[in-house]
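Asker: Following this line is model.cif, made up of mmCIF, C-alpha atoms:
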data_protein
#
loop_
_atom_site.group_PDB
_atom_site.id
_atom_site.type_symbol
_atom_site.label_atom_id
_atom_site.label_comp_id
_atom_site.auth_asym_id
_atom_site.auth_seq_id
_atom_site.Cartn_x
_atom_site.Cartn_y
_atom_site.Cartn_z
ATOM 1 C CA MET A 112 -20.292 10.966 5.490
ATOM 2 C CA ILE A 113 -17.096 10.360 3.518
ATOM 3 C CA ILE A 114 -14.970 11.311 6.508
ATOM 4 C CA ARG A 115 -16.823 8.726 8.596
ATOM 5 C CA LEU A 116 -16.304 6.079 5.920
ATOM 6 C CA GLY A 117 -12.607 6.915 5.709
ATOM 7 C CA LEU A 118 -12.192 6.725 9.467
ATOM 8 C CA ALA A 119 -14.104 3.447 9.604
ATOM 9 C CA ALA A 120 -11.870 2.018 6.864
ATOM 10 C CA GLY A 121 -8.786 3.160 8.761
ATOM 11 C CA VAL A 122 -9.975 1.595 12.010
ATOM 12 C CA PHE A 123 -10.848 -1.619 10.182
ATOM 13 C CA ALA A 124 -7.413 -1.743 8.554
ATOM 14 C CA LEU A 125 -5.688 -1.204 11.892
ATOM 15 C CA ALA A 126 -7.798 -3.906 13.527
ATOM 16 C CA THR A 127 -6.887 -6.505 10.913
ATOM 17 C CA SER A 128 -4.831 -9.297 12.385
ATOM 18 C CA PRO A 129 -1.540 -10.019 10.604
ATOM 19 C CA ALA A 130 -1.865 -13.648 11.744
ATOM 20 C CA LEU A 131 -4.506 -14.148 9.044
ATOM 21 C CA ALA A 132 -1.981 -13.282 6.334
ATOM 22 C CA HIS A 133 -0.575 -16.763 5.886
ATOM 23 C CA LEU A 134 -2.865 -19.300 4.247
ATOM 24 C CA ASP A 135 -1.480 -22.796 3.826
ATOM 25 C CA PRO A 136 -0.654 -23.163 0.117
ATOM 26 C CA ALA A 137 -1.210 -26.918 0.274
ATOM 27 C CA GLU A 138 -4.775 -26.369 1.460
ATOM 28 C CA HIS A 139 -5.717 -23.142 -0.334
ATOM 29 C CA GLY A 140 -3.334 -23.037 -3.296
ATOM 30 C CA SER A 141 -0.327 -20.854 -4.047
ATOM 31 C CA PHE A 142 -2.329 -18.099 -5.711
ATOM 32 C CA ALA A 143 -4.678 -17.746 -2.721
ATOM 33 C CA ALA A 144 -1.734 -17.745 -0.310
ATOM 34 C CA GLY A 145 -0.078 -14.964 -2.297
ATOM 35 C CA PHE A 146 -3.308 -13.017 -2.766
ATOM 36 C CA THR A 147 -4.158 -12.956 0.930
ATOM 37 C CA HIS A 148 -0.656 -12.141 2.126
ATOM 38 C CA PRO A 149 -0.854 -8.377 1.463
ATOM 39 C CA LEU A 150 -4.598 -8.168 2.093
ATOM 40 C CA PHE A 151 -4.364 -9.373 5.673
ATOM 41 C CA GLY A 152 -1.153 -7.626 6.649
ATOM 42 C CA THR A 153 -2.071 -4.217 8.057
ATOM 43 C CA ASP A 154 1.302 -2.746 7.121
ATOM 44 C CA HIS A 155 0.904 -3.860 3.500
ATOM 45 C CA VAL A 156 -2.694 -2.639 3.243
ATOM 46 C CA LEU A 157 -1.932 0.821 4.608
ATOM 47 C CA ALA A 158 1.168 1.352 2.456
ATOM 48 C CA MET A 159 -0.413 0.117 -0.753
ATOM 49 C CA ILE A 160 -3.591 2.156 -0.373
ATOM 50 C CA ALA A 161 -1.420 5.179 0.434
ATOM 51 C CA VAL A 162 0.366 4.751 -2.923
ATOM 52 C CA GLY A 163 -3.026 4.990 -4.644
ATOM 53 C CA LEU A 164 -4.043 8.009 -2.555
ATOM 54 C CA TRP A 165 -0.781 9.789 -3.359
ATOM 55 C CA ALA A 166 -1.181 8.996 -7.065
ATOM 56 C CA ALA A 167 -4.738 10.407 -6.955
ATOM 57 C CA LEU A 168 -3.476 13.593 -5.286
ATOM 58 C CA GLN A 169 -0.778 14.113 -7.911
ATOM 59 C CA GLY A 170 -2.974 13.170 -10.861
ATOM 60 C CA GLY A 171 -1.761 13.004 -14.442
ATOM 61 C CA ARG A 172 0.878 10.389 -15.205
ATOM 62 C CA ALA A 173 1.338 9.653 -11.489
ATOM 63 C CA VAL A 174 -1.977 7.752 -11.560
ATOM 64 C CA TRP A 175 -0.348 4.860 -13.381
ATOM 65 C CA THR A 176 3.365 5.539 -12.773
ATOM 66 C CA LEU A 177 3.349 5.238 -8.968
ATOM 67 C CA PRO A 178 1.395 1.967 -8.751
ATOM 68 C CA THR A 179 3.425 0.502 -11.626
ATOM 69 C CA ALA A 180 6.721 1.491 -9.979
ATOM 70 C CA PHE A 181 5.635 -0.105 -6.704
ATOM 71 C CA VAL A 182 4.447 -3.367 -8.277
ATOM 72 C CA GLY A 183 7.489 -3.661 -10.556
ATOM 73 C CA ALA A 184 9.893 -3.059 -7.678
ATOM 74 C CA MET A 185 7.908 -5.457 -5.499
ATOM 75 C CA VAL A 186 8.402 -8.238 -8.065
ATOM 76 C CA ALA A 187 12.128 -7.406 -8.158
ATOM 77 C CA GLY A 188 12.299 -7.606 -4.351
ATOM 78 C CA PHE A 189 10.502 -10.950 -4.460
ATOM 79 C CA ALA A 190 13.038 -12.258 -6.990
ATOM 80 C CA LEU A 191 15.924 -11.050 -4.815
ATOM 81 C CA SER A 192 14.455 -12.898 -1.849
ATOM 82 C CA LEU A 193 14.017 -16.121 -3.829
ATOM 83 C CA ALA A 194 17.618 -15.795 -5.042
ATOM 84 C CA GLY A 195 18.774 -15.619 -1.429
ATOM 85 C CA VAL A 196 19.982 -12.016 -1.682
ATOM 86 C CA PRO A 197 19.666 -10.524 1.797
ATOM 87 C CA LEU A 198 18.033 -7.154 2.282
ATOM 88 C CA PRO A 199 18.755 -5.699 5.708
ATOM 89 C CA TYR A 200 16.051 -4.085 7.814
ATOM 90 C CA VAL A 201 13.169 -5.267 5.610
ATOM 91 C CA GLU A 202 10.511 -5.249 8.335
ATOM 92 C CA PRO A 203 11.526 -1.843 9.791
ATOM 93 C CA LEU A 204 11.579 -0.434 6.239
ATOM 94 C CA ILE A 205 8.082 -1.775 5.598
ATOM 95 C CA LEU A 206 6.817 -0.026 8.735
ATOM 96 C CA THR A 207 8.740 3.076 7.658
ATOM 97 C CA SER A 208 6.968 2.892 4.299
ATOM 98 C CA VAL A 209 3.598 3.146 6.040
ATOM 99 C CA VAL A 210 4.667 6.234 7.999
ATOM 100 C CA VAL A 211 6.438 7.930 5.077
ATOM 101 C CA LEU A 212 3.708 7.253 2.515
ATOM 102 C CA GLY A 213 1.047 8.346 4.991
ATOM 103 C CA THR A 214 3.038 11.515 5.648
ATOM 104 C CA VAL A 215 3.488 12.421 1.980
ATOM 105 C CA VAL A 216 -0.267 11.989 1.509
ATOM 106 C CA ALA A 217 -1.022 13.991 4.671
ATOM 107 C CA LEU A 218 1.228 16.805 3.430
ATOM 108 C CA ALA A 219 -0.072 16.456 -0.150
ATOM 109 C CA LEU A 220 3.536 16.510 -1.381
ATOM 110 C CA ARG A 221 3.853 16.946 -5.116
ATOM 111 C CA LEU A 222 7.390 15.813 -5.829
ATOM 112 C CA PRO A 223 8.816 15.401 -9.338
ATOM 113 C CA LEU A 224 7.341 12.245 -10.836
ATOM 114 C CA GLY A 225 10.702 10.440 -11.054
ATOM 115 C CA LEU A 226 11.431 11.086 -7.388
ATOM 116 C CA SER A 227 7.942 9.962 -6.348
ATOM 117 C CA ALA A 228 8.314 6.772 -8.405
ATOM 118 C CA ALA A 229 11.771 6.098 -6.924
ATOM 119 C CA LEU A 230 10.404 6.489 -3.399
ATOM 120 C CA VAL A 231 7.522 4.073 -3.905
ATOM 121 C CA ALA A 232 9.852 1.664 -5.753
ATOM 122 C CA LEU A 233 12.238 1.629 -2.789
ATOM 123 C CA PHE A 234 9.397 0.597 -0.529
ATOM 124 C CA GLY A 235 8.044 -1.835 -3.137
ATOM 125 C CA VAL A 236 11.345 -3.748 -3.097
ATOM 126 C CA CYS A 237 11.020 -4.164 0.678
ATOM 127 C CA HIS A 238 7.432 -5.373 0.503
ATOM 128 C CA GLY A 239 8.309 -7.839 -2.271
ATOM 129 C CA HIS A 240 11.321 -9.160 -0.367
ATOM 130 C CA ALA A 241 9.088 -9.795 2.639
ATOM 131 C CA HIS A 242 6.620 -11.693 0.454
ATOM 132 C CA GLY A 243 9.461 -13.863 -0.823
ATOM 133 C CA GLY A 244 10.713 -14.521 2.680
ATOM 134 C CA GLU A 245 7.320 -15.892 3.684
ATOM 135 C CA ILE A 246 6.535 -17.971 0.598
ATOM 136 C CA GLY A 247 6.775 -21.270 2.455
ATOM 137 C CA LEU A 248 5.817 -24.194 0.226
ATOM 138 C CA ALA A 249 3.864 -22.095 -2.278
ATOM 139 C CA GLY A 250 4.730 -22.187 -5.965
ATOM 140 C CA GLU A 251 6.599 -19.043 -6.992
ATOM 141 C CA PHE A 252 4.479 -18.041 -9.988
ATOM 142 C CA GLY A 253 1.083 -18.621 -8.423
ATOM 143 C CA TYR A 254 2.112 -16.917 -5.213
ATOM 144 C CA ALA A 255 3.595 -13.942 -7.085
ATOM 145 C CA GLY A 256 0.497 -13.675 -9.270
ATOM 146 C CA GLY A 257 -1.655 -13.574 -6.152
ATOM 147 C CA PHE A 258 0.225 -10.834 -4.341
ATOM 148 C CA VAL A 259 0.646 -8.766 -7.519
ATOM 149 C CA LEU A 260 -3.117 -8.818 -8.122
ATOM 150 C CA ALA A 261 -3.897 -8.008 -4.473
ATOM 151 C CA THR A 262 -1.404 -5.137 -4.509
ATOM 152 C CA ALA A 263 -2.856 -3.726 -7.729
ATOM 153 C CA LEU A 264 -6.338 -3.878 -6.179
ATOM 154 C CA LEU A 265 -5.127 -2.058 -3.054
ATOM 155 C CA HIS A 266 -3.550 0.658 -5.224
ATOM 156 C CA ALA A 267 -6.813 0.874 -7.157
ATOM 157 C CA ALA A 268 -8.717 1.203 -3.860
ATOM 158 C CA GLY A 269 -6.555 4.198 -2.933
ATOM 159 C CA LEU A 270 -7.168 5.768 -6.338
ATOM 160 C CA LEU A 271 -10.898 5.082 -6.052
ATOM 161 C CA ILE A 272 -11.050 6.689 -2.609
ATOM 162 C CA GLY A 273 -9.221 9.724 -3.985
ATOM 163 C CA TYR A 274 -11.499 10.048 -6.998
ATOM 164 C CA SER A 275 -14.614 9.435 -4.889
ATOM 165 C CA ALA A 276 -13.578 12.259 -2.576
ATOM 166 C CA ASN A 277 -13.201 14.534 -5.609
ATOM 167 C CA ILE A 278 -16.625 13.566 -6.971
ATOM 168 C CA ALA A 279 -18.378 13.881 -3.605
ATOM 169 C CA THR A 280 -16.939 17.349 -3.031
ATOM 170 C CA ARG A 281 -16.884 18.674 -6.602
ATOM 171 C CA ASN A 282 -18.376 21.992 -5.487
ATOM 172 C CA ASP A 283 -15.489 22.470 -3.050
ATOM 173 C CA PRO A 284 -12.297 20.792 -4.338
ATOM 174 C CA ASP A 285 -10.372 21.813 -1.217
ATOM 175 C CA TRP A 286 -12.541 19.404 0.780
ATOM 176 C CA ALA A 287 -11.461 16.478 -1.383
ATOM 177 C CA GLU A 288 -7.820 17.209 -0.633
ATOM 178 C CA ARG A 289 -8.590 17.575 3.066
ATOM 179 C CA ILE A 290 -10.285 14.162 3.111
ATOM 180 C CA ILE A 291 -7.385 12.474 1.327
ATOM 181 C CA ARG A 292 -4.858 14.236 3.545
ATOM 182 C CA GLY A 293 -6.831 13.126 6.609
ATOM 183 C CA LEU A 294 -6.533 9.539 5.425
ATOM 184 C CA GLY A 295 -2.799 10.136 5.081
ATOM 185 C CA VAL A 296 -2.704 11.169 8.743
ATOM 186 C CA VAL A 297 -4.610 8.000 9.702
ATOM 187 C CA THR A 298 -2.101 5.947 7.683
ATOM 188 C CA ALA A 299 0.961 7.584 9.236
ATOM 189 C CA VAL A 300 -0.445 7.206 12.753
ATOM 190 C CA GLY A 301 -1.290 3.583 11.963
ATOM 191 C CA GLY A 302 2.322 3.008 10.928
ATOM 192 C CA ILE A 303 3.595 4.542 14.152
ATOM 193 C CA LEU A 304 1.225 2.363 16.192
ATOM 194 C CA LEU A 305 2.364 -0.755 14.333
ATOM 195 C CA ALA A 306 6.004 0.166 14.886
ATOM 196 C CA THR A 307 5.554 0.780 18.598
ATOM 197 C CA GLY A 308 2.979 -1.946 19.263
#
How does this structure look as C-alpha coordinates?
Answerer:
Amino acid sequence: MIIRLGLAAGVFALATSPALAHLDPAEHGSFAAGFTHPLFGTDHVLAMIAVGLWAALQGGRAVWTLPTAFVGAMVAGFALSLAGVPLPYVEPLILTSVVVLGTVVALALRLPLGLSAALVALFGVCHGHAHGGEIGLAGEFGYAGGFVLATALLHAAGLLIGYSANIATRNDPDWAERIIRGLGVVTAVGGILLATG
(Lines of atoms letter the chains of each structure in order from A and count residues from 1; the text may use other names and numbers.)
(Lines give C-alpha, C1' and ligand atoms only; values in the text may rest on other atoms or scores of the structure.)
Protein backbone atom coordinates (compact mmCIF):
# COMPACT_ATOMS: atom_id res chain seq x y z
CA MET A 1 0.00 0.00 0.00
CA ILE A 2 2.75 2.45 0.93
CA ILE A 3 4.69 1.61 -2.22
CA ARG A 4 1.60 2.41 -4.28
CA LEU A 5 1.14 5.71 -2.46
CA GLY A 6 4.79 6.60 -3.01
CA LEU A 7 4.60 5.78 -6.70
CA ALA A 8 1.37 7.75 -7.06
CA ALA A 9 2.99 10.74 -5.34
CA GLY A 10 5.99 10.46 -7.66
CA VAL A 11 3.81 10.31 -10.76
CA PHE A 12 1.77 13.26 -9.52
CA ALA A 13 4.91 15.30 -8.87
CA LEU A 14 6.26 14.53 -12.33
CA ALA A 15 2.95 15.46 -13.93
CA THR A 16 2.85 18.87 -12.26
CA SER A 17 3.15 21.66 -14.77
CA PRO A 18 5.91 24.19 -14.07
CA ALA A 19 3.78 26.81 -15.85
CA LEU A 20 1.57 26.97 -12.75
CA ALA A 21 4.52 28.11 -10.64
CA HIS A 22 4.17 31.82 -11.32
CA LEU A 23 1.18 33.54 -9.75
CA ASP A 24 0.80 37.24 -10.46
CA PRO A 25 1.81 39.03 -7.24
CA ALA A 26 -0.46 41.97 -8.07
CA GLU A 27 -3.46 39.65 -8.18
CA HIS A 28 -2.55 37.05 -5.55
CA GLY A 29 -0.05 38.86 -3.33
CA SER A 30 3.70 38.47 -2.90
CA PHE A 31 3.45 35.79 -0.23
CA ALA A 32 1.19 33.59 -2.39
CA ALA A 33 3.47 34.08 -5.40
CA GLY A 34 6.46 33.00 -3.33
CA PHE A 35 4.61 30.13 -1.66
CA THR A 36 3.44 28.59 -4.92
CA HIS A 37 6.74 28.98 -6.75
CA PRO A 38 8.41 25.88 -5.26
CA LEU A 39 5.16 23.95 -4.87
CA PHE A 40 4.36 23.98 -8.57
CA GLY A 41 7.86 23.52 -9.91
CA THR A 42 8.49 19.79 -10.27
CA ASP A 43 12.24 20.22 -9.91
CA HIS A 44 11.82 22.12 -6.64
CA VAL A 45 9.28 19.66 -5.23
CA LEU A 46 11.40 16.59 -5.96
CA ALA A 47 14.62 18.09 -4.59
CA MET A 48 13.06 19.47 -1.43
CA ILE A 49 11.19 16.29 -0.55
CA ALA A 50 14.41 14.36 -1.20
CA VAL A 51 16.18 16.50 1.42
CA GLY A 52 13.54 15.41 3.95
CA LEU A 53 13.81 11.76 2.89
CA TRP A 54 17.60 11.84 3.22
CA ALA A 55 17.34 13.49 6.64
CA ALA A 56 14.88 10.77 7.73
CA LEU A 57 17.27 8.06 6.53
CA GLN A 58 20.20 9.54 8.45
CA GLY A 59 18.20 10.34 11.58
CA GLY A 60 19.62 12.09 14.62
CA ARG A 61 20.80 15.66 14.11
CA ALA A 62 20.40 15.34 10.33
CA VAL A 63 16.61 15.61 10.81
CA TRP A 64 16.91 19.32 11.50
CA THR A 65 20.40 20.10 10.14
CA LEU A 66 19.77 19.18 6.49
CA PRO A 67 16.50 21.10 6.06
CA THR A 68 17.94 24.08 7.95
CA ALA A 69 21.08 24.10 5.79
CA PHE A 70 18.98 24.01 2.62
CA VAL A 71 16.60 26.79 3.70
CA GLY A 72 19.41 29.01 5.02
CA ALA A 73 21.44 28.61 1.84
CA MET A 74 18.30 29.16 -0.25
CA VAL A 75 17.75 32.54 1.45
CA ALA A 76 21.41 33.41 0.79
CA GLY A 77 20.99 32.48 -2.89
CA PHE A 78 17.87 34.63 -3.07
CA ALA A 79 19.78 37.58 -1.60
CA LEU A 80 22.60 37.08 -4.11
CA SER A 81 20.08 37.14 -6.94
CA LEU A 82 18.43 40.32 -5.66
CA ALA A 83 21.88 41.91 -5.35
CA GLY A 84 22.53 41.13 -9.01
CA VAL A 85 25.31 38.63 -8.29
CA PRO A 86 25.30 36.15 -11.17
CA LEU A 87 25.40 32.44 -10.49
CA PRO A 88 26.29 30.44 -13.59
CA TYR A 89 24.42 27.29 -14.55
CA VAL A 90 21.62 27.78 -12.00
CA GLU A 91 18.97 25.82 -13.91
CA PRO A 92 21.27 22.88 -14.79
CA LEU A 93 22.42 22.79 -11.15
CA ILE A 94 18.81 22.68 -9.96
CA LEU A 95 18.14 19.69 -12.22
CA THR A 96 21.41 18.17 -11.02
CA SER A 97 20.19 18.62 -7.44
CA VAL A 98 17.15 16.46 -8.19
CA VAL A 99 19.29 13.67 -9.64
CA VAL A 100 21.99 13.85 -6.95
CA LEU A 101 19.61 14.08 -4.00
CA GLY A 102 17.49 11.28 -5.43
CA THR A 103 20.63 9.19 -5.86
CA VAL A 104 21.91 9.73 -2.32
CA VAL A 105 18.48 8.68 -1.03
CA ALA A 106 18.37 5.68 -3.39
CA LEU A 107 21.81 4.59 -2.17
CA ALA A 108 20.95 5.45 1.46
CA LEU A 109 24.29 7.28 1.73
CA ARG A 110 25.23 8.19 5.27
CA LEU A 111 27.88 10.85 4.81
CA PRO A 112 29.37 12.87 7.68
CA LEU A 113 26.78 15.42 8.77
CA GLY A 114 28.90 18.43 7.75
CA LEU A 115 29.39 17.05 4.25
CA SER A 116 25.68 16.24 3.89
CA ALA A 117 24.76 19.76 5.05
CA ALA A 118 27.28 21.32 2.64
CA LEU A 119 25.84 19.33 -0.26
CA VAL A 120 22.24 20.36 0.42
CA ALA A 121 23.38 23.96 1.05
CA LEU A 122 25.08 24.07 -2.35
CA PHE A 123 21.83 23.08 -3.99
CA GLY A 124 19.83 25.40 -1.72
CA VAL A 125 21.82 28.40 -3.00
CA CYS A 126 20.87 27.46 -6.57
CA HIS A 127 17.19 27.05 -5.77
CA GLY A 128 17.14 30.38 -3.91
CA HIS A 129 18.92 32.18 -6.74
CA ALA A 130 16.29 30.87 -9.16
CA HIS A 131 13.52 32.14 -6.89
CA GLY A 132 15.14 35.57 -6.87
CA GLY A 133 15.49 35.58 -10.63
CA GLU A 134 11.76 35.03 -11.03
CA ILE A 135 10.48 37.43 -8.37
CA GLY A 136 8.91 39.79 -10.90
CA LEU A 137 6.97 42.57 -9.19
CA ALA A 138 6.56 40.73 -5.88
CA GLY A 139 7.73 42.30 -2.64
CA GLU A 140 10.97 40.71 -1.46
CA PHE A 141 9.96 39.89 2.12
CA GLY A 142 6.52 38.49 1.36
CA TYR A 143 7.82 36.47 -1.55
CA ALA A 144 10.75 35.12 0.49
CA GLY A 145 8.43 34.27 3.38
CA GLY A 146 6.22 32.33 1.00
CA PHE A 147 8.92 30.21 -0.58
CA VAL A 148 10.65 29.60 2.76
CA LEU A 149 7.41 28.26 4.26
CA ALA A 150 6.66 26.12 1.19
CA THR A 151 10.19 24.71 1.22
CA ALA A 152 9.98 23.89 4.93
CA LEU A 153 6.68 22.09 4.30
CA LEU A 154 8.20 20.08 1.45
CA HIS A 155 11.12 19.08 3.69
CA ALA A 156 8.61 18.13 6.37
CA ALA A 157 6.69 16.04 3.81
CA GLY A 158 9.88 14.10 3.04
CA LEU A 159 10.50 13.54 6.75
CA LEU A 160 6.88 12.49 7.27
CA ILE A 161 7.08 9.99 4.40
CA GLY A 162 10.27 8.58 5.90
CA TYR A 163 8.80 8.28 9.39
CA SER A 164 5.53 6.86 8.04
CA ALA A 165 7.47 4.16 6.21
CA ASN A 166 9.25 3.30 9.47
CA ILE A 167 5.97 3.13 11.41
CA ALA A 168 4.17 1.09 8.74
CA THR A 169 6.98 -1.45 8.59
CA ARG A 170 8.09 -1.47 12.23
CA ASN A 171 8.21 -5.27 12.27
CA ASP A 172 10.66 -5.23 9.35
CA PRO A 173 12.82 -2.07 9.41
CA ASP A 174 14.59 -3.10 6.20
CA TRP A 175 11.32 -2.55 4.34
CA ALA A 176 11.16 1.07 5.47
CA GLU A 177 14.59 1.73 4.01
CA ARG A 178 13.63 -0.04 0.80
CA ILE A 179 10.54 2.16 0.44
CA ILE A 180 12.51 5.36 1.03
CA ARG A 181 15.27 4.22 -1.31
CA GLY A 182 12.64 3.41 -3.95
CA LEU A 183 11.37 6.97 -3.69
CA GLY A 184 14.95 8.12 -4.17
CA VAL A 185 15.07 6.15 -7.42
CA VAL A 186 11.80 7.77 -8.54
CA THR A 187 13.28 11.19 -7.71
CA ALA A 188 16.53 10.59 -9.58
CA VAL A 189 14.69 9.25 -12.63
CA GLY A 190 12.35 12.24 -12.46
CA GLY A 191 15.36 14.55 -12.51
CA ILE A 192 16.80 12.78 -15.54
CA LEU A 193 13.45 13.03 -17.35
CA LEU A 194 13.21 16.74 -16.55
CA ALA A 195 16.76 17.30 -17.78
CA THR A 196 16.19 15.45 -21.04
CA GLY A 197 12.58 16.51 -21.62
Asker: Counting all atoms listed in the file, which residues have an atom no more than 10 Å from (2.6, 5.0, 3.2) in the file's coordinates? Please list them as a ChimeraX atom specification.
Answerer: /A:154-165,205-217,231,234,295-296,298-299,301-302
Asker: With the PyMOL selection byres ((chain A and resi 191) around 12) as the selection, what would be picked from this file? Answer as a ChimeraX atom specification, please.
Answerer: /A:184-190,192-198,236-244
Asker: Using Å and a single decimal, report how far atom CA of Gly235 of chain A sits from atom CA of His266 of chain A.
Answerer: 12.0 Å
Asker: Report the distance between atom CA of Pro149 of chain A and atom CA of Thr262 of chain A in Å, rounded to one decimal place.
Answerer: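 For atom CA of Pro149 of chain A relative to atom CA of Thr262 of chain A, the distance reads 6.8 Å.
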Asker: What gap, in Å, lies between atom CA of Ala249 of chain A and atom CA of Ala143 of chain A?
Answerer: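 Value for the atom CA of Ala249 of chain A-atom CA of Ala143 of chain A distance: 9.6 Å.
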Asker: Name the residues that the PyMOL selection byres ((chain A and resi 169) around 9) picks from the file above, as JSON, numbers by chain, using the file's chain letters and numbers.
Answerer: {"A": [164, 165, 166, 167, 168, 170, 171, 172, 173, 174, 219, 220, 221, 222, 224]}
Asker: Need the axis-aligned box for segment 291-305 of chain A with 5 Å each side, so what are the centre and edges in Å to one decimal, as AutoDock Vina command-line options?
Answerer:
--center_x -1.9 --center_y 6.7 --center_z 8.8 --size_x 21.0 --size_y 25.0 --size_z 24.9
Asker: So, counting only C-alpha atoms, which residue among A:Ala263, A:Leu226, A:Leu305, A:Ile290 is closest to Ile278 of chain A?
Answerer: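 Using only C-alpha atoms, Ile278 of chain A sits closest to A:Ile290.
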Asker: For Phe151 of chain A, which residue out of A:Phe258, A:Leu304, A:Arg292, A:Gly183 is the nearest one, using only C-alpha atoms?
Answerer: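 Ranking A:Phe258, A:Leu304, A:Arg292, A:Gly183 by distance to Phe151 of chain A, first place goes to A:Phe258.
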